[in-house]
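Worksheet for the structure shown next.
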Amino acid sequence: MKILVTDNLSEEGIKILKEEGFEVEETGKLPPQQLKEKIKGIVALIVRSGTKVTAEVIQNADALKIIGRAGVGLDNIDLEEATRKGIMVMNTPTGNTISAAEHTISLLLSLARNIPQANDALKKGVWDRKKFMGVEVFGKTLGVVGLGRVGTHVARCALGLGMRVITYDPFISREKAKNLGVEWVEWEKLLSEADFITFHVPLTPHTKYLVGEKEFRLMKKGVRIINCSRGGIIDEKALYEAIKSGKVKGAALDVFEKEPPEDSPLLQLPEVIVTPHLGASTYEAQYNVAVEMGRQISDALKRGIYRNVVNLPQLSPEEWVNAQGYLQLCEKLGSFQGQRLKESLKEVRIEYLGEVNISNLSLLTSGILKGLFSTMLPGSITYVNAHLFAEERGIKVTERRDSKSEDFASLISVETKTSKEASKVSGTLFSGSIPRIVKVDQFHVEINPQGPLLLCYNVDRPGLIGKIGSLLGKEGINIAQMTFDRKVKGGEAITVLNLDSSPESKVLEKIREIPEVKGIEFLEL
């Protein structure tokens, strides 16, 4: 398997991949047009912030399973197109946390004490202590926008400096903020009360120009702004005007809407401190993200353990190991139902009953949908795009969880509905890891979901098994396992046979002609 690395990645990460047996090619930064041609035959692509992974690049990939971002931000990757094509996109959110947080605090203190300006003046021979009078941060209010990993560490550092810390993050509970010693406040309150405001959010359509003219008007006079997250969070034109008017005392920026910022007027303002996107530029951070990415890609491609995949439900590494049996069962249940469909699918109803010990059931649902839709589009459906495939086709998918299960410790049921009929299959794990189908519609069975499978719906009459076995035997087809059930003696019944090989269509037709047989389904699991 071939892995392509653009941008610079520390040698420690490359070493991990090579030791795992991957072929690794390092090219340095590639423009989209060159990357588009280079991507063919590549299983995993590793980039940093410099390489643009566009929709066109992704569309041209013919073997790509993973795009790895050695860092946090994903605005240089077309996540929507990657998801549509079923490609996992993973980042390394913890590798540069400390470095980014420390850089934020460095800029905060530099902003408070005018350190870069004083340094520059003194080196030019100007000794002017009065001009560079600063403020203490002790007792001041810091507004942290985004209380993720970096924001949390910044908050802890600021608390250690004796600052009052308030935060706005709609995805963080007030309880978590309180446990950190931070006060959760509404957006307008943060803007109006903070002496310093620092941003730690991703750049998305919702956060683009999160702060503009309106927000600057709400801030207190003399506020200081720090941005080490992403350019585009702050409207730079509005920031320029706010500084010129005196509303904003100063700003410290590590990121810009356009990088390098070149002719940005902000660079001409003495109140603005700038650094060239140095948040993750420490030896420790570069080492950490490289090692983290190397291990994540190796675990994903070799061991089926997926960490920090932004377009997949998240599980801990331990849960991924525990989930393997359930995922195998779910794909089999989905494939079972997909092969039974005779017309367009309208709805999928999934039930998780009993002790299904997976925290994020959406992952198991993805497995069911992958198995289901792969019968229609083999090779193009993955865990990543299975939900999207259903959504785009107007297929309703519902989940229900109940801690009670009557017959088994855990049970997963999949019901599919078309405009004319509904069918249902249920399965469980024997000994905690062995998938078994235990119910087909109203019939109780025990089916090993593996290989060729023949389902016969029949009338319960003596000699039927012998007739089917005789037809299969004449064609040299061995029966590996058999299970059957009936509702009442002499009534409706099901006979399920695991076969060692697949019968030809003429054999299936002969089985259909047996008087007791009312219908058959042949599946390949």
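Quick note on naming: the chains in the structure tokens go A, B, ... in the order shown, residues restart at 1 in each chain, and ligands are numbered from 1 in order of appearance.
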- request: Check segment 394-482 of chain A with DSSP on the backbone and list each residue it calls alpha helix (DSSP H), as a list of chain:residue names.
  value: A:Leu464, A:Ile465, A:Gly466, A:Lys467, A:Ile468, A:Gly469, A:Ser470, A:Leu471, A:Leu472, A:Gly473, A:Lys474
- request: Identify, with DSSP run on backbone atoms, the residues in segment 313-448 of chain A assigned to strand (DSSP E or B), and express the list as a ChimeraX atom specification.
  value: /A:345-354,396-402,410-418,422-430,434-440,443-447
List as JSON lines every residue of segment 342-449 of chain A that is in contact with segment 496-520 of chain A, defined as an atom at most 10 Å from one of its atoms (using only C-alpha atoms), together with the nearest atom pair and the distance in Å rounded to one decimal, sorted by chain and then rising number.
{"residue": "A:Val440", "atom": "CA", "partner": "A:Val496", "partner_atom": "CA", "distance": 10.0}
{"residue": "A:Val445", "atom": "CA", "partner": "A:Val496", "partner_atom": "CA", "distance": 8.1}
{"residue": "A:Glu446", "atom": "CA", "partner": "A:Val496", "partner_atom": "CA", "distance": 8.9}
{"residue": "A:Ile447", "atom": "CA", "partner": "A:Val496", "partner_atom": "CA", "distance": 7.5}
{"residue": "A:Asn448", "atom": "CA", "partner": "A:Asn498", "partner_atom": "CA", "distance": 7.4}
{"residue": "A:Pro449", "atom": "CA", "partner": "A:Asn498", "partner_atom": "CA", "distance": 8.4}
Please list as a compact mmCIF listing (two decimals) with N, CA and C atoms, in the first residue's frame every residue within 6 Å of Ile166 of chain A, counting only C-alpha atoms and excluding residues in the same chain fewer than 3 positions away.
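Full text of out_14.txt as output:
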# COMPACT_ATOMS: atom_id res chain seq x y z
N GLY A 143 -11.90 36.45 27.66
CA GLY A 143 -12.98 35.74 26.99
C GLY A 143 -12.40 34.70 26.05
N VAL A 182 -14.20 28.01 35.00
CA VAL A 182 -14.50 28.99 33.96
C VAL A 182 -16.00 29.28 33.97
N GLU A 183 -16.37 30.51 33.71
CA GLU A 183 -17.78 30.89 33.68
C GLU A 183 -18.30 30.86 32.24
N TRP A 184 -19.33 30.04 31.99
CA TRP A 184 -19.96 29.98 30.65
C TRP A 184 -20.93 31.14 30.53
For the contact check between segment 380-440 of chain A and segment 306-314 of chain A, emit one row per residue of segment 380-440 of chain A within 9 Å, containing the shortest atom pair and the distance in Å rounded to one decimal, counting only C-alpha atoms, chain then rising number order, as JSON lines.
{"residue": "A:Tyr383", "atom": "CA", "partner": "A:Leu312", "partner_atom": "CA", "distance": 7.2}
{"residue": "A:Val384", "atom": "CA", "partner": "A:Leu312", "partner_atom": "CA", "distance": 5.8}
{"residue": "A:Asn385", "atom": "CA", "partner": "A:Asn311", "partner_atom": "CA", "distance": 8.6}
Grab the residues selected above and save them as a tab-separated table (two decimals), in the first residue's frame with C-alpha atoms.
chain	number	residue	atom	x	y	z
A	383	TYR	CA	-18.74	3.64	6.77
A	384	VAL	CA	-18.07	7.27	5.87
A	385	ASN	CA	-20.66	7.81	3.14
- prompt: Which one is closest to Val425 of chain A: A:Cys330, A:Ile172, A:Ala409, A:Val72? Count only C-alpha atoms.
  reply: A:Cys330
Residues within 8 Å of Leu191 of chain A, only C-alpha atoms, excluding chain neighbours under 6 positions, as an mmCIF file with C-alpha atoms, in the first residue's frame:
data_model
loop_
_atom_site.group_PDB
_atom_site.id
_atom_site.type_symbol
_atom_site.label_atom_id
_atom_site.label_comp_id
_atom_site.auth_asym_id
_atom_site.auth_seq_id
_atom_site.Cartn_x
_atom_site.Cartn_y
_atom_site.Cartn_z
ATOM 1 C CA GLY A 143 -12.979 35.740 26.989
ATOM 2 C CA ILE A 197 -10.649 37.912 23.748
ATOM 3 C CA GLU A 215 -19.448 42.508 17.326
ATOM 4 C CA PHE A 216 -16.768 45.203 17.705
ATOM 5 C CA LEU A 218 -20.541 45.418 21.501
ATOM 6 C CA MET A 219 -17.036 45.205 22.953
ATOM 7 C CA LYS A 220 -15.731 47.468 25.716
#
field: Nearby residues (only C-alpha atoms) at most 6 Å from segment 75-86 of chain A, same-chain spacing under 4 positions excluded, as a ChimeraX atom specification
entry: /A:52-55,382,384-385
File of the preceding selection, N, CA and C atoms, as a short mmCIF file (atom, residue, chain, number, x, y, z; two decimals), in the first residue's frame:
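Contents of again24.cif, as written:
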data_model
loop_
_atom_site.label_atom_id
_atom_site.label_comp_id
_atom_site.auth_asym_id
_atom_site.auth_seq_id
_atom_site.Cartn_x
_atom_site.Cartn_y
_atom_site.Cartn_z
N LYS A 52 -3.53 21.92 -0.73
CA LYS A 52 -4.97 22.03 -0.91
C LYS A 52 -5.48 20.73 -1.52
N VAL A 53 -6.32 20.02 -0.77
CA VAL A 53 -6.91 18.79 -1.27
C VAL A 53 -8.31 19.14 -1.78
N THR A 54 -8.40 19.47 -3.05
CA THR A 54 -9.64 19.98 -3.64
C THR A 54 -10.56 18.84 -4.05
N ALA A 55 -11.79 19.21 -4.40
CA ALA A 55 -12.76 18.22 -4.88
C ALA A 55 -12.24 17.52 -6.12
N THR A 382 -18.87 3.05 1.96
CA THR A 382 -18.03 2.84 3.13
C THR A 382 -18.78 3.32 4.37
N VAL A 384 -18.06 5.81 5.93
CA VAL A 384 -18.07 7.27 5.87
C VAL A 384 -19.28 7.81 5.12
N ASN A 385 -19.61 7.22 3.97
CA ASN A 385 -20.66 7.81 3.14
C ASN A 385 -21.98 7.06 3.14
#
- request: Pick out the closest residue to Leu266 of chain A from this set: A:Pro93, A:Pro317, A:Gly71, A:Gly250. Count only C-alpha atoms.
  value: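 So, comparing all the options, the nearest one is A:Gly250.
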message: So that I can check the surroundings of Arg69 of chain A, please list as a PyMOL selection string every protein, DNA and RNA residue that reaches within 8 Å of it, counting only C-alpha atoms and ignoring chain neighbours fewer than 3 positions away.
response: chain A and resi 46-49+72-74+89-92+293
What does the file look like for those residues with N, CA and C atoms, as a PDB file, in the first residue's frame?
ATOM      1  N   ILE A  46      -1.089  12.206   3.292  1.00  0.00           N
ATOM      2  CA  ILE A  46      -0.819  12.984   4.506  1.00  0.00           C
ATOM      3  C   ILE A  46      -0.422  14.395   4.098  1.00  0.00           C
ATOM      4  N   VAL A  47      -1.126  15.387   4.650  1.00  0.00           N
ATOM      5  CA  VAL A  47      -0.839  16.785   4.342  1.00  0.00           C
ATOM      6  C   VAL A  47      -0.751  17.580   5.634  1.00  0.00           C
ATOM      7  N   ARG A  48      -0.210  18.796   5.509  1.00  0.00           N
ATOM      8  CA  ARG A  48      -0.303  19.774   6.572  1.00  0.00           C
ATOM      9  C   ARG A  48      -1.179  20.912   6.048  1.00  0.00           C
ATOM     10  N   SER A  49      -0.920  22.133   6.423  1.00  0.00           N
ATOM     11  CA  SER A  49      -1.814  23.215   6.011  1.00  0.00           C
ATOM     12  C   SER A  49      -1.511  23.741   4.612  1.00  0.00           C
ATOM     13  N   VAL A  72      -4.578  20.261  13.129  1.00  0.00           N
ATOM     14  CA  VAL A  72      -5.981  20.318  13.548  1.00  0.00           C
ATOM     15  C   VAL A  72      -6.907  20.796  12.434  1.00  0.00           C
ATOM     16  N   GLY A  73      -6.612  21.968  11.860  1.00  0.00           N
ATOM     17  CA  GLY A  73      -7.520  22.600  10.909  1.00  0.00           C
ATOM     18  C   GLY A  73      -7.702  21.793   9.636  1.00  0.00           C
ATOM     19  N   LEU A  74      -8.933  21.815   9.103  1.00  0.00           N
ATOM     20  CA  LEU A  74      -9.257  21.026   7.924  1.00  0.00           C
ATOM     21  C   LEU A  74      -9.757  21.882   6.764  1.00  0.00           C
ATOM     22  N   VAL A  89     -11.350  11.178   6.643  1.00  0.00           N
ATOM     23  CA  VAL A  89     -10.478  12.326   6.869  1.00  0.00           C
ATOM     24  C   VAL A  89     -10.163  12.371   8.359  1.00  0.00           C
ATOM     25  N   MET A  90      -8.883  12.267   8.680  1.00  0.00           N
ATOM     26  CA  MET A  90      -8.492  12.276  10.089  1.00  0.00           C
ATOM     27  C   MET A  90      -7.487  13.390  10.348  1.00  0.00           C
ATOM     28  N   ASN A  91      -7.521  13.925  11.570  1.00  0.00           N
ATOM     29  CA  ASN A  91      -6.541  14.929  11.975  1.00  0.00           C
ATOM     30  C   ASN A  91      -5.849  14.487  13.252  1.00  0.00           C
ATOM     31  N   THR A  92      -4.974  15.337  13.783  1.00  0.00           N
ATOM     32  CA  THR A  92      -4.248  15.021  15.020  1.00  0.00           C
ATOM     33  C   THR A  92      -4.513  16.145  16.017  1.00  0.00           C
ATOM     34  N   MET A 293      -0.009  10.836  13.596  1.00  0.00           N
ATOM     35  CA  MET A 293      -0.558  10.522  12.288  1.00  0.00           C
ATOM     36  C   MET A 293      -0.065   9.165  11.787  1.00  0.00           C
TER      37      MET A 293
END
Just the residues within 12 Å of Ala386 of chain A, please, counting only C-alpha atoms, with nothing from its chain fewer than 2 positions along; format it as a tab-separated table (two decimals) with C-alpha atoms, in the first residue's frame.
chain	number	residue	atom	x	y	z
A	83	THR	CA	-17.26	12.10	2.64
A	84	ARG	CA	-19.28	11.70	-0.54
A	85	LYS	CA	-16.60	9.42	-1.96
A	86	GLY	CA	-16.33	7.44	1.27
A	87	ILE	CA	-12.82	8.59	2.18
A	311	ASN	CA	-16.37	12.14	9.22
A	312	LEU	CA	-16.96	8.99	11.31
A	331	GLU	CA	-22.57	-5.55	7.85
A	334	GLY	CA	-27.34	-5.17	6.12
A	362	SER	CA	-24.33	5.61	14.75
A	363	LEU	CA	-21.21	3.64	13.89
A	364	LEU	CA	-23.11	0.34	13.95
A	365	THR	CA	-25.84	1.91	11.86
A	366	SER	CA	-23.16	2.92	9.36
A	367	GLY	CA	-22.08	-0.73	9.23
A	368	ILE	CA	-25.64	-1.88	8.56
A	369	LEU	CA	-26.12	0.71	5.82
A	370	LYS	CA	-22.73	-0.14	4.30
A	371	GLY	CA	-23.71	-3.80	4.05
A	372	LEU	CA	-27.16	-2.91	2.73
A	373	PHE	CA	-26.10	-0.44	0.05
A	374	SER	CA	-22.99	-2.36	-1.01
A	376	MET	CA	-26.45	-2.10	-4.91
A	377	LEU	CA	-23.11	-0.30	-5.47
A	379	GLY	CA	-17.00	-1.06	-3.71
A	380	SER	CA	-18.32	2.49	-3.47
A	381	ILE	CA	-20.05	2.44	-0.07
A	382	THR	CA	-18.03	2.84	3.13
A	383	TYR	CA	-18.74	3.64	6.77
A	384	VAL	CA	-18.07	7.27	5.87
A	388	LEU	CA	-25.12	10.26	3.04
A	389	PHE	CA	-26.13	7.67	0.46
A	390	ALA	CA	-29.40	7.06	2.34
A	391	GLU	CA	-30.05	10.78	2.79
A	392	GLU	CA	-29.48	11.62	-0.89
A	393	ARG	CA	-31.95	8.93	-1.95
A	395	ILE	CA	-34.38	6.61	2.46
A	397	VAL	CA	-33.32	5.58	8.65
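Across A:Leu345, A:Gly466, A:Leu329, A:Gln442, the tightest approach to Ile412 of chain A is made by A:Leu329 when counting only C-alpha atoms.
Closest approach to Arg156 of chain A from the set A:Asp407, A:Glu102, A:Glu25, A:Glu319 is made by A:Glu102, with distances taken over only C-alpha atoms.
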